[in-house]
file run-v1.cif (mmCIF, C-alpha atoms and all ligand atoms)
data_target
loop_
_atom_site.label_atom_id
_atom_site.label_comp_id
_atom_site.auth_asym_id
_atom_site.auth_seq_id
_atom_site.Cartn_x
_atom_site.Cartn_y
_atom_site.Cartn_z
CA MET A 1 94.00 98.47 15.78
CA LEU A 2 91.26 100.91 16.62
CA SER A 3 89.76 103.40 14.28
CA SER A 4 86.69 105.50 14.76
CA SER A 5 84.39 107.36 12.42
CA GLY A 6 84.57 110.30 14.78
CA ALA A 7 80.85 110.18 15.52
CA GLU A 8 79.75 109.59 19.05
CA GLY A 9 78.34 106.17 19.63
CA PHE A 10 79.82 104.64 16.55
CA ASN A 11 82.91 102.60 16.92
CA ILE A 12 84.65 100.30 14.60
CA LEU A 13 87.36 98.07 15.86
CA ARG A 14 88.96 96.26 13.05
CA SER A 15 91.47 93.49 13.11
CA LEU A 16 93.25 93.72 9.86
CA HIS A 17 95.67 91.70 7.90
CA ALA A 18 98.39 93.42 5.96
CA PHE A 19 96.03 93.13 3.04
CA GLY A 20 93.35 95.02 4.91
CA MET A 21 95.76 97.80 5.78
CA ALA A 22 96.45 98.19 2.07
CA LEU A 23 92.73 98.43 1.56
CA CYS A 24 92.43 101.25 4.09
CA SER A 25 95.19 103.31 2.56
CA ALA A 26 93.84 102.58 -0.90
CA ALA A 27 90.61 104.25 0.20
CA GLY A 28 92.67 107.38 0.78
CA SER A 29 91.48 108.13 4.31
CA GLY A 30 91.59 106.90 7.85
CA GLN A 31 87.97 105.84 7.51
CA PRO A 32 87.21 102.17 7.28
CA ALA A 33 86.75 101.48 3.59
CA CYS A 34 83.65 99.40 4.14
CA TYR A 35 81.69 102.31 5.65
CA ASN A 36 81.69 104.83 2.91
CA PHE A 37 78.91 107.22 3.84
CA ASP A 38 79.72 110.90 3.97
CA GLN A 39 79.31 113.07 7.07
CA LYS A 40 75.85 114.32 6.13
CA GLU A 41 74.52 110.85 5.58
CA LEU A 42 76.13 109.76 8.81
CA HIS A 43 74.39 112.54 10.73
CA LEU A 44 71.00 111.54 9.37
CA ALA A 45 71.74 107.93 10.12
CA MET A 46 72.65 108.77 13.70
CA GLU A 47 69.32 110.50 14.32
CA LYS A 48 67.43 107.38 13.39
CA ARG A 49 70.04 105.09 14.96
CA HIS A 50 70.14 103.81 11.45
CA TYR A 51 73.53 102.79 10.16
CA ASN A 52 74.57 101.89 6.70
CA LEU A 53 75.74 98.28 6.89
CA ARG A 54 76.39 97.95 3.20
CA THR A 55 79.81 96.38 3.10
CA ASN A 56 82.22 96.19 0.22
CA ILE A 57 83.38 92.69 -0.58
CA GLY A 58 84.39 93.52 -4.15
CA TYR A 59 88.06 93.68 -3.20
CA LEU A 60 87.99 90.01 -2.16
CA LEU A 61 86.76 88.72 -5.51
CA ASN A 62 90.15 88.72 -7.17
CA GLN A 63 92.03 87.49 -4.13
CA ALA A 64 93.41 83.99 -3.69
CA LYS A 65 91.06 81.35 -2.28
CA GLY A 66 91.26 81.34 1.48
CA THR A 67 91.83 85.07 1.78
CA PHE A 68 89.76 86.42 4.62
CA HIS A 69 89.05 89.68 6.32
CA ASP A 70 87.82 90.08 9.91
CA PHE A 71 85.69 92.84 11.36
CA HIS A 72 84.52 93.80 14.80
CA VAL A 73 81.78 96.43 14.99
CA GLU A 74 79.77 97.67 17.97
CA PHE A 75 76.65 99.78 18.13
CA PRO A 76 75.15 101.08 21.40
CA GLU A 77 71.83 101.19 19.58
CA ILE A 78 70.90 100.34 16.02
CA TYR A 79 67.68 100.09 14.07
CA LEU A 80 67.59 97.27 11.55
CA ASP A 81 64.92 97.79 8.92
CA PRO A 82 62.06 97.30 8.94
CA ASP A 83 61.31 96.53 12.57
CA LEU A 84 64.18 95.65 14.87
CA ASP A 85 65.77 97.88 17.49
CA VAL A 86 68.92 96.34 18.94
CA PHE A 87 70.95 97.63 21.87
CA ASN A 88 74.62 96.97 22.62
CA LEU A 89 75.04 95.03 19.42
CA LYS A 90 78.46 93.42 19.08
CA CYS A 91 79.29 91.94 15.71
CA ASP A 92 82.29 89.82 14.81
CA TYR A 93 82.30 88.67 11.25
CA ARG A 94 84.59 87.32 8.61
CA PHE A 95 84.42 87.36 4.84
CA THR A 96 86.35 84.52 3.19
CA ARG A 97 86.96 84.11 -0.51
CA ASN A 98 86.41 80.45 -1.37
CA HIS A 99 86.04 78.56 -4.63
CA GLU A 100 82.28 79.15 -4.81
CA GLY A 101 82.10 82.77 -3.77
CA ILE A 102 82.31 84.76 -0.56
CA LEU A 103 81.49 83.13 2.77
CA LEU A 104 80.19 85.32 5.57
CA GLN A 105 80.59 83.94 9.10
CA ALA A 106 79.17 86.08 11.87
CA ASP A 107 78.81 86.09 15.64
CA LEU A 108 76.32 88.62 16.96
CA GLN A 109 75.27 89.55 20.43
CA GLY A 110 72.71 92.18 21.27
CA GLU A 111 69.74 93.12 23.41
CA ILE A 112 66.33 93.31 21.82
CA GLU A 113 63.38 95.20 23.16
CA THR A 114 60.26 93.13 23.52
CA HIS A 115 57.42 92.62 26.01
CA CYS A 116 57.09 90.29 28.97
CA THR A 117 54.96 87.32 27.96
CA ARG A 118 52.88 87.60 31.14
CA CYS A 119 52.51 91.27 32.08
CA LEU A 120 53.30 92.86 28.67
CA GLU A 121 55.73 95.35 30.19
CA ALA A 122 58.60 96.37 27.95
CA MET A 123 61.79 94.41 28.59
CA LYS A 124 64.99 93.45 26.86
CA VAL A 125 66.18 89.98 26.01
CA THR A 126 69.71 89.05 25.04
CA ALA A 127 70.10 87.42 21.65
CA ASN A 128 73.24 85.57 20.59
CA THR A 129 73.60 84.11 17.17
CA HIS A 130 76.20 82.53 14.95
CA PHE A 131 75.45 82.15 11.29
CA GLU A 132 77.07 81.55 7.94
CA GLU A 133 75.89 82.74 4.55
CA LEU A 134 77.49 81.92 1.25
CA PHE A 135 77.29 84.47 -1.54
CA VAL A 136 77.85 82.48 -4.70
CA PHE A 137 79.54 83.76 -7.84
CA VAL A 138 76.87 84.22 -10.51
CA GLU A 139 78.69 81.85 -12.86
CA ARG A 140 78.87 79.17 -10.15
CA SER A 141 75.22 79.41 -9.17
CA GLN A 142 73.19 76.24 -9.63
CA GLU A 143 70.15 76.74 -7.42
CA GLU A 144 67.51 79.41 -7.59
CA PHE A 145 67.47 80.16 -3.88
CA GLU A 146 71.20 80.82 -3.59
CA GLN A 147 72.42 84.23 -2.55
CA LEU A 148 74.61 85.70 -5.24
CA VAL A 149 77.64 87.94 -4.99
CA PRO A 150 76.05 91.31 -5.86
CA GLU A 151 77.21 92.89 -9.10
CA ASP A 152 78.33 96.06 -7.36
CA GLY A 153 80.34 94.09 -4.78
CA TYR A 154 78.37 95.41 -1.79
CA ILE A 155 76.53 93.20 0.70
CA ASP A 156 74.00 94.76 3.04
CA LEU A 157 74.53 93.13 6.41
CA ALA A 158 71.43 94.70 7.96
CA GLU A 159 69.17 92.06 6.46
CA PRO A 160 70.96 88.90 7.64
CA PHE A 161 71.76 90.54 10.99
CA ARG A 162 68.06 91.29 11.55
CA ASP A 163 66.85 87.89 10.36
CA TYR A 164 69.25 85.85 12.48
CA LEU A 165 68.80 87.98 15.60
CA LEU A 166 65.02 87.68 15.36
CA LEU A 167 65.31 83.90 15.36
CA GLU A 168 67.03 84.08 18.74
CA ILE A 169 64.26 85.85 20.64
CA PRO A 170 62.78 83.23 22.96
CA ILE A 171 59.03 82.65 22.56
CA HIS A 172 58.49 82.95 26.32
CA HIS A 173 60.36 85.57 28.24
CA LEU A 174 59.54 87.05 31.60
CA CYS A 175 60.42 90.45 33.03
CA ARG A 176 61.32 88.51 36.19
CA PRO A 177 61.06 84.83 37.08
CA ASP A 178 58.10 85.40 39.42
CA CYS A 179 56.17 87.82 37.19
CA LYS A 180 52.52 87.69 38.32
CA GLY A 181 51.02 88.75 34.99
CA ILE A 182 47.96 90.93 34.45
CA CYS A 183 44.30 90.79 35.40
CA LEU A 184 42.29 89.61 32.40
CA GLU A 185 39.39 91.79 33.46
CA CYS A 186 40.95 95.22 33.94
CA GLY A 187 44.54 94.80 32.75
CA GLN A 188 46.03 95.63 36.15
CA ASN A 189 49.72 94.69 36.29
CA LEU A 190 49.65 92.34 39.26
CA ASN A 191 53.33 92.94 39.97
CA LEU A 192 52.34 96.46 40.93
CA GLY A 193 49.28 95.66 42.99
CA GLN A 194 46.04 93.72 43.29
CA CYS A 195 42.64 94.58 41.86
CA GLU A 196 39.21 93.30 42.85
CA HIS A 197 38.90 90.69 40.06
CA ILE A 198 40.43 87.76 41.90
CA ASN A 199 38.46 85.24 39.76
CA SER A 200 39.76 86.67 36.47
CA GLN A 201 43.41 86.28 37.37
CA ILE A 202 45.60 83.49 36.15
CA LEU A 203 47.83 82.39 38.98
CA PHE A 204 51.45 81.65 38.23
CA ASP A 205 53.69 79.64 40.51
ZN ZN B 301 56.22 90.47 33.48
ZN ZN B 302 41.32 93.41 37.58
#
call {"tool": "encode", "arguments": {"input": "run-v1.cif", "output": "C-alpha cells", "more": "lines below"}}
Ligand SMILES: [Zn+2]
Ligand SMILES: [Zn+2]
result
Amino acid sequence: MLSSSGAEGFNILRSLHAFGMALCSAAGSGQPACYNFDQKELHLAMEKRHYNLRTNIGYLLNQAKGTFHDFHVEFPEIYLDPDLDVFNLKCDYRFTRNHEGILLQADLQGEIETHCTRCLEAMKVTANTHFEELFVFVERSQEEFEQLVPEDGYIDLAEPFRDYLLLEIPIHHLCRPDCKGICLECGQNLNLGQCEHINSQILFD
C-alpha cells in the first residue's frame, strides 16, 4: 500500500496489518496517523528539510503481546537535529508490543555529508545501521538508564536515527582511493594540481 502526504519529496510507504488499516481510518483521513502535522507545519518543515518524526505508539499499549506494526519511510534529504544532514534516507522499522514495553527495531540506510580525511573536500559516505531500542513501561522499569514509554505515547525517532547513523560514519574515508591530500604549507588540493612546497607534502601510496 502506498500513501503520500501530498508534499513533494516526502513519501511514506507503509505495510500495514488489518489492525493498521483500522488505525488509519480511525484517524479520519488518508494521512498516515503517525505523521500528524498540519499543512502549515509541513511547509515549514520542508524548507528546513526538517521532518517531524514523532511517532505515535500509544495505540500499541493496549494491544496483545506480539502485536507489531511495520513502517517504511524515505526522505530524499532530512536534517536530524542538532547536526546531521542525511540524503536518500531509507528507514524500515517495526514497533512490537512485548511484555516489558514497546520494542523498536530499525534498519536505516542513508548518505551522510562529511569531508575527505586527506583533502578535506566535501563528500558523502553511505551509512547502514540496524538497531533495537526497548521503551519500557514505567511500572516495569528497574534501571535508571532505561528508556521509558513516554506518557503521551509519542516517540521521537529523530534522536535514535541520528545517534545510530552517526556511529556508522567510518573514521577514515577518502573522496577517492588514490586521493593525494593537501599541501601542509599552502593548503593546495593536490588532486587538482601541484604547488612548490614539495617538502611539505605527505605522500600517499
Ligand atoms: Zn580527498
Ligand atoms: Zn603548497
call {"tool": "closest_residue", "arguments": {"input": "run-v1.cif", "among": "A:Arg118, A:Thr126, A:Leu203, A:Ala64", "to": "ligand ZN 301 (chain B)", "atoms": "only C-alpha atoms and all ligand atoms"}}
result
A:Arg118
call {"tool": "residues_near_ligand", "arguments": {"input": "run-v1.cif", "ligand": "ligand ZN 302 (chain B)", "cutoff": "10 Å", "atoms": "all atoms listed in the file", "output": "list in words"}}
result
Ile182, Cys183, Leu184, Glu185, Cys186, Gly187, Gln188, Asn189, Leu190, Gly193, Gln194, Cys195, Glu196, His197, Ile198, Asn199, Ser200 and Gln201 of chain A
call {"tool": "residues_around", "arguments": {"input": "run-v1.cif", "residues": "segment 137-148 of chain A", "least_positions_apart": "5", "cutoff": "9 Å", "atoms": "all atoms listed in the file", "output": "count of residues only"}}
result
4
call {"tool": "residues_near_point", "arguments": {"input": "run-v1.cif", "point": "(56.4, 83.6, 36.7)", "cutoff": "12 Å", "atoms": "all atoms listed in the file", "output": "ChimeraX atom specification"}}
result
/A:116-119,172-182,190-191,202-205
call {"tool": "closest_residue", "arguments": {"input": "run-v1.cif", "among": "A:Ala122, A:Thr55, A:Arg162, A:His69", "to": "Arg97 of chain A", "atoms": "all atoms listed in the file"}}
result
A:His69
call {"tool": "atom_distance", "arguments": {"input": "run-v1.cif", "atom1": "atom CA of Glu133 of chain A", "atom2": "atom CA of Tyr51 of chain A"}}
result
21.0 Å
call {"tool": "closest_residue", "arguments": {"input": "run-v1.cif", "among": "A:Leu134, A:Ala158, A:Glu121, A:Pro170", "to": "ligand ZN 301 (chain B)", "atoms": "all atoms listed in the file"}}
result
A:Glu121
call {"tool": "closest_residue", "arguments": {"input": "run-v1.cif", "among": "A:Leu192, A:Leu165, A:Leu84, A:Ile57", "to": "ligand ZN 301 (chain B)", "atoms": "all atoms listed in the file"}}
result
A:Leu192
call {"tool": "atom_distance", "arguments": {"input": "run-v1.cif", "atom1": "atom CA of Leu53 of chain A", "atom2": "atom CA of Phe87 of chain A"}}
result
15.7 Å
call {"tool": "closest_residue", "arguments": {"input": "run-v1.cif", "among": "A:Phe135, A:His115, A:Phe68, A:Phe161", "to": "Leu89 of chain A", "atoms": "all atoms listed in the file"}}
result
A:Phe161
call {"tool": "atom_distance", "arguments": {"input": "run-v1.cif", "atom1": "atom CA of Arg49 of chain A", "atom2": "atom CA of Val86 of chain A"}}
result
9.7 Å
call {"tool": "closest_residue", "arguments": {"input": "run-v1.cif", "among": "A:Leu157, A:Met123, A:Ile171, A:Ile112", "to": "ligand ZN 301 (chain B)", "atoms": "only C-alpha atoms and all ligand atoms"}}
result
A:Met123
call {"tool": "residues_around", "arguments": {"input": "run-v1.cif", "residues": "Thr129 of chain A", "least_positions_apart": "3", "cutoff": "10 Å", "atoms": "all atoms listed in the file", "output": "PyMOL selection string"}}
result
chain A and resi 91+106-110+161+164-168
